[in-house]
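The structure under discussion appears below in the form of structure tokens.
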Amino acid sequence: MSYLTANMNMLMSAVKKAASSMSRDFSEIEKLQSSVRGHQEFVAAAVKKVEGSLRAELSKARPNYAFAQDGKPQPNVPHFIVSSLDGVINFAHGIPHFSISAATVENGIITAAVIYNPATDELYFAEKGNGAYKEGFRNHERLRVSFRKDLPECVFAALDSGNENIAVRERLVSSVNALRVLGASSLDLAYVAAGKLDAAVSFGNSLSEIAAGILLVKEAGGSVYELNQKDIRSEDLAAVLRSGNIIACNANLGKKIHDLLNK
């Protein structure tokens, strides 16, 4: 991508502006570790500030766009899907692995996406048909999924999905080189797009946590499946967004992961 479109500039600007308050708040978080009540209130206030800024900036740029809400059907008009803070537990404990994200949806298709970690100043972005990138000072780095084919060589990310899915985690642990529970689904997907992780497998993610990352993985040459879908000869992104159950990986691993988890 030799230039950034107006739509992408708008998303990146809104996300970075919202992130400025979170960066300041994160620098203060360790001072509140000993005060449980004050700590929780501080985190809630930090998220509220980001959400307010995101919505205000995006609404100003695209006043005719609606906002999707987790747990509700997506609007039938052009809309934004935003996450004010994915990785809230990491943020609350002073762990620099969390993100703010925003995506645009038109005619039911995710057309542009940004995922930003304010703690590390890493920003990932993608536009449909234009590829996925990591922001650089002078040049943006084109993202590509990994090319690994054999599960024992792979590193996967997974979210802790509770005791009901312990069998899935055990299958992954016994079949891959390493399984990482990093605590932020959006960044898991960004890392798959960047080839840092070979796959991300998790249950019950919210719409706002995975929408932007799905586009990144797709534009980086990867595949995204609904974890329980019976036939993976084609993707069903609408089902992924409805259920939040996701397999994101390179093209070599999709069937192997599906077969492993659906024995």
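Identifiers in the structure tokens: chain A, B, ... in order shown; residue index from 1 per chain; ligand index from 1 in order shown.
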
Residue list (strand (DSSP E), DSSP) for region 31-201 of chain A, as a VMD selection string
chain A and resid 66 to 67 79 to 86 99 to 106 109 to 117 122 to 127 131 to 134 141 to 142 155 to 158 178 to 180 199 to 201

Write out as a PyMOL selection string the residues lying within 12 Å of Ala44 (chain A), counting only C-alpha atoms and excluding same-chain residues fewer than 3 positions away.
chain A and resi 22+25+29+37-41+47-51+84-85+88-89+91-92

How would the residues just chosen look if you wrote them out with N, CA and C atoms as a short mmCIF file (atom, residue, chain, number, x, y, z; two decimals), in the first residue's frame?
data_model
loop_
_atom_site.label_atom_id
_atom_site.label_comp_id
_atom_site.auth_asym_id
_atom_site.auth_seq_id
_atom_site.Cartn_x
_atom_site.Cartn_y
_atom_site.Cartn_z
N MET A 22 -5.47 6.42 27.25
CA MET A 22 -5.17 5.11 27.81
C MET A 22 -3.68 4.96 28.07
N ASP A 25 -3.11 6.63 31.33
CA ASP A 25 -3.68 5.85 32.42
C ASP A 25 -2.86 4.59 32.70
N ILE A 29 -1.14 2.85 36.31
CA ILE A 29 -1.87 1.70 36.83
C ILE A 29 -1.13 1.00 37.97
N ARG A 37 -10.46 -1.37 45.29
CA ARG A 37 -11.62 -0.61 44.85
C ARG A 37 -11.22 0.53 43.92
N GLY A 38 -10.23 1.29 44.32
CA GLY A 38 -9.78 2.39 43.50
C GLY A 38 -9.22 1.91 42.17
N HIS A 39 -8.57 0.75 42.21
CA HIS A 39 -8.00 0.16 41.02
C HIS A 39 -9.09 -0.17 40.01
N GLN A 40 -10.15 -0.82 40.44
CA GLN A 40 -11.25 -1.20 39.55
C GLN A 40 -11.95 0.03 38.98
N GLU A 41 -12.17 1.02 39.80
CA GLU A 41 -12.82 2.24 39.33
C GLU A 41 -11.94 2.98 38.32
N VAL A 47 -11.53 2.98 30.44
CA VAL A 47 -12.25 2.40 29.30
C VAL A 47 -13.34 3.36 28.82
N LYS A 48 -14.03 3.99 29.75
CA LYS A 48 -15.10 4.91 29.40
C LYS A 48 -14.57 6.10 28.60
N LYS A 49 -13.39 6.60 28.98
CA LYS A 49 -12.80 7.72 28.24
C LYS A 49 -12.47 7.33 26.81
N VAL A 50 -11.91 6.14 26.65
CA VAL A 50 -11.55 5.67 25.30
C VAL A 50 -12.81 5.49 24.46
N GLU A 51 -13.81 4.88 25.03
CA GLU A 51 -15.05 4.65 24.28
C GLU A 51 -15.68 5.98 23.84
N SER A 84 -13.09 -0.75 22.89
CA SER A 84 -12.38 0.27 23.67
C SER A 84 -11.18 -0.30 24.41
N LEU A 85 -11.28 -1.57 24.80
CA LEU A 85 -10.15 -2.21 25.48
C LEU A 85 -10.33 -3.73 25.43
N VAL A 88 -8.52 -6.39 29.08
CA VAL A 88 -8.72 -5.54 30.27
C VAL A 88 -7.96 -6.07 31.48
N ILE A 89 -7.87 -7.40 31.64
CA ILE A 89 -7.15 -7.96 32.79
C ILE A 89 -5.66 -7.63 32.68
N PHE A 91 -4.36 -5.03 31.14
CA PHE A 91 -4.25 -3.60 31.43
C PHE A 91 -4.31 -3.34 32.93
N ALA A 92 -5.27 -3.98 33.59
CA ALA A 92 -5.48 -3.74 35.02
C ALA A 92 -4.30 -4.21 35.88
#

List every residue of region 172-230 of chain A that has an atom at most 10 Å from any atom of region 140-158 of chain A, giving for each one its closest atom pair and the distance in Å to one decimal, counting only C-alpha atoms, sorted by chain and then by ascending residue number, as CSV.
residue,atom,partner,partner_atom,distance
A:Leu172,CA,A:Phe156,CA,8.2
A:Val173,CA,A:Phe156,CA,9.1
A:Ser174,CA,A:Pro152,CA,8.7
A:Ser175,CA,A:Pro152,CA,5.8
A:Val176,CA,A:Pro152,CA,4.3
A:Asn177,CA,A:Pro152,CA,4.9
A:Ala178,CA,A:Val155,CA,4.8
A:Leu179,CA,A:Phe156,CA,4.9
A:Arg180,CA,A:Ala157,CA,4.7
A:Val181,CA,A:Ala158,CA,5.2
A:Leu182,CA,A:Ala157,CA,7.0
A:Gly183,CA,A:Ala158,CA,8.4
A:Ala184,CA,A:Ala158,CA,9.4
A:Ser185,CA,A:Ala158,CA,8.2
A:Leu187,CA,A:Ala157,CA,9.9
A:Asp188,CA,A:Ala157,CA,6.3
A:Leu189,CA,A:Ala157,CA,8.8
A:Ala190,CA,A:Leu143,CA,9.2
A:Tyr191,CA,A:Val145,CA,8.6
A:Val192,CA,A:Val145,CA,6.0
A:Ala193,CA,A:Val145,CA,4.9
A:Ala194,CA,A:Leu143,CA,4.9
A:Gly195,CA,A:Val145,CA,4.3
A:Lys196,CA,A:Ser146,CA,7.4
A:Leu197,CA,A:Val155,CA,5.6
A:Asp198,CA,A:Val155,CA,5.6
A:Ala199,CA,A:Phe156,CA,4.9
A:Ala200,CA,A:Ala157,CA,4.6
A:Val201,CA,A:Ala158,CA,5.0
A:Ser202,CA,A:Ala158,CA,5.2
A:Phe203,CA,A:Ala158,CA,8.5
A:Leu216,CA,A:Leu143,CA,8.5
A:Val217,CA,A:Val145,CA,7.3
A:Lys218,CA,A:Val145,CA,9.2
A:Glu219,CA,A:Leu143,CA,8.3
A:Ala220,CA,A:Arg144,CA,4.6
A:Gly221,CA,A:Val145,CA,6.1
A:Gly222,CA,A:Val145,CA,5.9
A:Ser223,CA,A:Val145,CA,9.4

Using the selection just defined, write its residues with C-alpha atoms as an mmCIF file, in the first residue's frame.
data_model
loop_
_atom_site.group_PDB
_atom_site.id
_atom_site.type_symbol
_atom_site.label_atom_id
_atom_site.label_comp_id
_atom_site.auth_asym_id
_atom_site.auth_seq_id
_atom_site.Cartn_x
_atom_site.Cartn_y
_atom_site.Cartn_z
ATOM 1 C CA LEU A 172 -3.908 -28.430 21.409
ATOM 2 C CA VAL A 173 -1.281 -28.674 24.148
ATOM 3 C CA SER A 174 -0.439 -32.259 23.204
ATOM 4 C CA SER A 175 -0.293 -31.566 19.456
ATOM 5 C CA VAL A 176 1.572 -28.276 18.950
ATOM 6 C CA ASN A 177 4.974 -26.918 19.891
ATOM 7 C CA ALA A 178 3.521 -24.339 22.287
ATOM 8 C CA LEU A 179 0.155 -22.931 23.301
ATOM 9 C CA ARG A 180 -0.002 -19.324 24.496
ATOM 10 C CA VAL A 181 -2.817 -17.704 26.455
ATOM 11 C CA LEU A 182 -2.034 -14.021 25.905
ATOM 12 C CA GLY A 183 -5.326 -12.483 26.981
ATOM 13 C CA ALA A 184 -6.304 -10.310 23.999
ATOM 14 C CA SER A 185 -8.051 -11.930 21.029
ATOM 15 C CA LEU A 187 -3.767 -9.075 19.188
ATOM 16 C CA ASP A 188 -3.797 -12.867 18.787
ATOM 17 C CA LEU A 189 -5.292 -12.337 15.332
ATOM 18 C CA ALA A 190 -2.878 -9.524 14.494
ATOM 19 C CA TYR A 191 -0.007 -11.838 15.415
ATOM 20 C CA VAL A 192 -1.408 -14.585 13.184
ATOM 21 C CA ALA A 193 -1.558 -12.056 10.342
ATOM 22 C CA ALA A 194 2.065 -11.101 11.053
ATOM 23 C CA GLY A 195 3.248 -14.728 11.143
ATOM 24 C CA LYS A 196 4.286 -14.477 14.797
ATOM 25 C CA LEU A 197 1.662 -17.081 15.671
ATOM 26 C CA ASP A 198 0.663 -19.922 13.379
ATOM 27 C CA ALA A 199 -2.956 -20.002 14.536
ATOM 28 C CA ALA A 200 -5.424 -18.624 17.053
ATOM 29 C CA VAL A 201 -8.173 -20.855 18.440
ATOM 30 C CA SER A 202 -10.753 -19.623 20.920
ATOM 31 C CA PHE A 203 -14.384 -19.771 21.974
ATOM 32 C CA LEU A 216 -6.125 -8.610 9.045
ATOM 33 C CA VAL A 217 -5.787 -12.387 8.833
ATOM 34 C CA LYS A 218 -7.678 -12.544 5.535
ATOM 35 C CA GLU A 219 -5.660 -9.753 3.950
ATOM 36 C CA ALA A 220 -2.422 -11.386 5.126
ATOM 37 C CA GLY A 221 -3.318 -14.545 3.212
ATOM 38 C CA GLY A 222 -4.825 -16.537 6.074
ATOM 39 C CA SER A 223 -8.073 -18.392 6.604
#

Would you list the contacts of region 109-117 of chain A as a list of chain:residue names, taking every protein, DNA or RNA residue within 6 Å and counting only C-alpha atoms, but skipping same-chain residues closer than 6 positions in sequence?
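Result of the neighbour search: A:Phe98, A:Ser99, A:Ile100, A:Ser101, A:Ala102, A:Ala103, A:Leu123, A:Tyr124, A:Phe125, A:Ala126, A:Glu127, A:Lys128, A:Ala212.
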
From the list A:Ala251, A:Val105, A:Ala211, A:Leu260, the nearest residue to Ser234 (chain A) using only C-alpha atoms is A:Ala251

Nearest to Val77 (chain A), chosen from A:Lys256, A:Gly108, A:Leu54, A:Gly129, with only C-alpha atoms counted in the distances
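Closest to Val77 (chain A), using only C-alpha atoms: A:Gly108.
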
Neighbours of Lys263 (chain A) within 12 Å (only C-alpha atoms; same-chain residues fewer than 4 positions away dropped), as a tab-separated table (two decimals) with all heavy atoms, in the first residue's frame?
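Produced file around01.tsv, reproduced below:
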chain	number	residue	atom	x	y	z
A	167	ALA	N	-11.07	-30.11	27.17
A	167	ALA	CA	-10.63	-31.16	26.24
A	167	ALA	C	-9.97	-30.55	25.00
A	167	ALA	O	-9.00	-31.08	24.48
A	167	ALA	CB	-11.81	-32.04	25.84
A	168	VAL	N	-10.52	-29.43	24.54
A	168	VAL	CA	-9.94	-28.76	23.38
A	168	VAL	C	-8.53	-28.27	23.70
A	168	VAL	O	-7.59	-28.46	22.92
A	168	VAL	CB	-10.83	-27.58	22.94
A	168	VAL	CG1	-10.12	-26.72	21.91
A	168	VAL	CG2	-12.15	-28.11	22.37
A	171	ARG	N	-6.05	-31.13	23.76
A	171	ARG	CA	-5.67	-31.60	22.43
A	171	ARG	C	-4.65	-30.67	21.78
A	171	ARG	O	-3.71	-31.12	21.14
A	171	ARG	CB	-6.92	-31.71	21.54
A	171	ARG	CG	-7.84	-32.85	21.89
A	171	ARG	CD	-9.09	-32.83	21.03
A	171	ARG	NE	-10.05	-33.81	21.50
A	171	ARG	CZ	-11.30	-33.92	21.04
A	171	ARG	NH1	-11.71	-33.09	20.10
A	171	ARG	NH2	-12.10	-34.84	21.52
A	228	ASN	N	-16.69	-24.78	15.04
A	228	ASN	CA	-17.51	-25.99	15.01
A	228	ASN	C	-18.12	-26.29	13.65
A	228	ASN	O	-18.94	-27.20	13.54
A	228	ASN	CB	-18.64	-25.87	16.05
A	228	ASN	CG	-18.09	-25.75	17.46
A	228	ASN	OD1	-17.32	-26.58	17.91
A	228	ASN	ND2	-18.48	-24.69	18.16
A	230	LYS	N	-18.89	-27.83	10.12
A	230	LYS	CA	-18.65	-29.21	9.69
A	230	LYS	C	-17.82	-29.29	8.42
A	230	LYS	O	-17.05	-30.22	8.23
A	230	LYS	CB	-20.00	-29.91	9.48
A	230	LYS	CG	-20.88	-29.96	10.73
A	230	LYS	CD	-20.17	-30.64	11.89
A	230	LYS	CE	-21.06	-30.69	13.12
A	230	LYS	NZ	-20.33	-31.25	14.29
A	256	LYS	N	-6.19	-29.56	9.39
A	256	LYS	CA	-5.54	-30.28	10.48
A	256	LYS	C	-6.07	-29.84	11.84
A	256	LYS	O	-6.31	-30.67	12.72
A	256	LYS	CB	-4.02	-30.07	10.40
A	256	LYS	CG	-3.38	-30.69	9.17
A	256	LYS	CD	-1.90	-30.41	9.11
A	256	LYS	CE	-1.29	-31.04	7.85
A	256	LYS	NZ	0.17	-30.79	7.75
A	257	ILE	N	-6.25	-28.53	12.02
A	257	ILE	CA	-6.78	-28.03	13.29
A	257	ILE	C	-8.23	-28.45	13.46
A	257	ILE	O	-8.65	-28.92	14.52
A	257	ILE	CB	-6.67	-26.49	13.37
A	257	ILE	CG1	-5.22	-26.07	13.27
A	257	ILE	CG2	-7.29	-25.98	14.66
A	257	ILE	CD1	-5.02	-24.58	13.13
A	258	HIS	N	-9.02	-28.34	12.39
A	258	HIS	CA	-10.43	-28.72	12.45
A	258	HIS	C	-10.57	-30.19	12.81
A	258	HIS	O	-11.37	-30.57	13.68
A	258	HIS	CB	-11.10	-28.44	11.11
A	258	HIS	CG	-12.53	-28.83	11.05
A	258	HIS	ND1	-12.95	-30.08	10.63
A	258	HIS	CD2	-13.66	-28.15	11.37
A	258	HIS	CE1	-14.26	-30.14	10.70
A	258	HIS	NE2	-14.72	-28.99	11.14
A	259	ASP	N	-9.81	-31.05	12.16
A	259	ASP	CA	-9.88	-32.49	12.43
A	259	ASP	C	-9.45	-32.81	13.87
A	259	ASP	O	-10.05	-33.66	14.54
A	259	ASP	CB	-9.02	-33.27	11.45
A	259	ASP	CG	-9.56	-33.25	10.04
A	259	ASP	OD1	-10.73	-32.82	9.86
A	259	ASP	OD2	-8.82	-33.63	9.11

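For the choices A:Ile81, A:Gly94, A:Phe26, A:Asp70, the atom-to-atom distance to Gly244 (chain A) is smallest for A:Asp70 when using only C-alpha atoms.
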
Would you list, as a PyMOL selection string, the residues of region 104-253 of chain A that end up in helix (DSSP H, G or I) under DSSP run on this structure's backbone?
chain A and resi 151-153+163-175+185-193+207-219+237-243

Take CA of Leu215 (chain A) and CA of Arg24 (chain A) and report the distance between them in Å, one decimal.
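Separation between CA of Leu215 (chain A) and CA of Arg24 (chain A): 29.0 Å.
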
Interatomic distance, CA of His79 (chain A) to CA of Asp236 (chain A) (Å, one decimal)
20.2 Å

What does the structure give for the distance between CA of Ala239 (chain A) and CA of Tyr225 (chain A), in Å to one decimal?
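Value for the CA of Ala239 (chain A)-CA of Tyr225 (chain A) distance: 8.5 Å.
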